[in-house]
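Notes for the one structure printed next.
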Amino acid sequence: KADGTIMLGFAECTGVLFFSYLERVHVAKERGFHRVAPLKAYPLLTLCLFASSSLCNMSLSYINFPTKVVFRSCKLVPTMIIATIVNKRIFASYEYVCALSICAGLVLFALADYTLNPMKFDVIGLALVGGSVVADAILPNAQERLFRQGSSRLEVTVFSNLFTFLAMGIITVSNGTLFKFAKVMAQDHTIALYFGVYTVLSYISISCYMTLVKRFGGVTAVLLTTARKAMTLVLSFLL
């Protein structure tokens with residue numbers, strides 16, 4: 001199960017890198033690996049992206065999906081705090097109150113889930129998803145800063161996922177996970193189809209998210225994704 005969640009992160013990164021590169025070259029008519037930002041600007045983004053994807057998916061080995069969605073939805077307040085530190089954005093007191101209210105409301109779902117299924121409310125899982133929340137709070141603010149320096153959406157997307165792809169590739173090859181899953185997908189075409197659909201949906205989702213960050217800023221993008229995750233949580237309980 002842990003290997004499967006790791007491969008979900010790797011599939012997401014691979015799909016986003018591949019399709020973003022194609023979009024950059026054939027649609028935006030930009031040079032594939034041309035960059036405005038210095039190369040040293042990307043290690044932080046790579047670390048955050050790697051931690052966000054890997055820790056989040058690894059947490060599913062210990063907690064269930066609704067709990068993961070709830071805790072990741074609570075990243076709005078830390079995103080606002082980091083936006084003030086990194087991008088010098090000032091928020092009014094009522095904006096923090098509203099953000100805290102949103103987070104508190106979503107946490108109530110986690111408490112309900114704890115009552116219904118305590119075996120899935122695991123400390124290790126919460127620590128992993130908590131780490132992904134911190135990474136997720138830093139990531140949009142770092143991306144926003146690069147956008148302000150003149151980098152395009154596709155440049156930031158390609159280079160962030162490129163280094164993450166290399167890091168996750170080394171890990172999955174060294175522990176044999178990549179070869180194991182390649183063999184499984186060769187034998188079961190249904191699983192291969194699911195992974196293919198997942199990578200395409202990840203690309204569409206992240207492209208929309210990056211557009212929001214570029215046009216409206218990291219905090220606004222996180223606010224909208226919080227609303228989306230609330231709907232995901234409701235659907236998870238219903239379905």
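If you're wondering about the labels, chains in the structure tokens are A, B, ... by order shown, residues count from 1 in each chain, ligands from 1 in order shown.
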
Might you pull out every residue within 12 Å of Leu146 in chain A, with only C-alpha atoms counted and same-chain residues fewer than 3 positions away left off, and present them as a ChimeraX atom specification?
-> /A:35-42,44-45,86-87,139-143,149-157,159-160,210,213-214,217-218

As a PyMOL selection string, list the residues of range 76-193 of chain A assigned to alpha helix (DSSP H) by DSSP on the backbone atoms of this structure.
-> chain A and resi 76-87+93-116+123-148+153-174+177-187+189-193

So which residues touch range 127-129 of chain A within 8 Å, counting only C-alpha atoms, skipping near sequence neighbours fewer than 2 positions away, as a PyMOL selection string?
-> chain A and resi 55-56+58-59+68+71-72+123-125+131-133

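Nearest-residue note for Ala230 in chain A: choosing from A:Ser20, A:Thr199, A:Thr67, A:Thr84, the minimum distance belongs to A:Thr67, counting only C-alpha atoms.
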
Who sits within 12 Å of Ile85 in chain A, only C-alpha atoms, same chain under 3 positions skipped, as a PyMOL selection string | chain A and resi 78-82+88-91+137-138+141-142+145

Tell me, in Å to one decimal, how far CA of Cys103 in chain A is from CA of Val77 in chain A.
-> 8.0 Å

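Picture a line from CA of Met168 in chain A to CA of Thr226 in chain A; it runs 26.8 Å.
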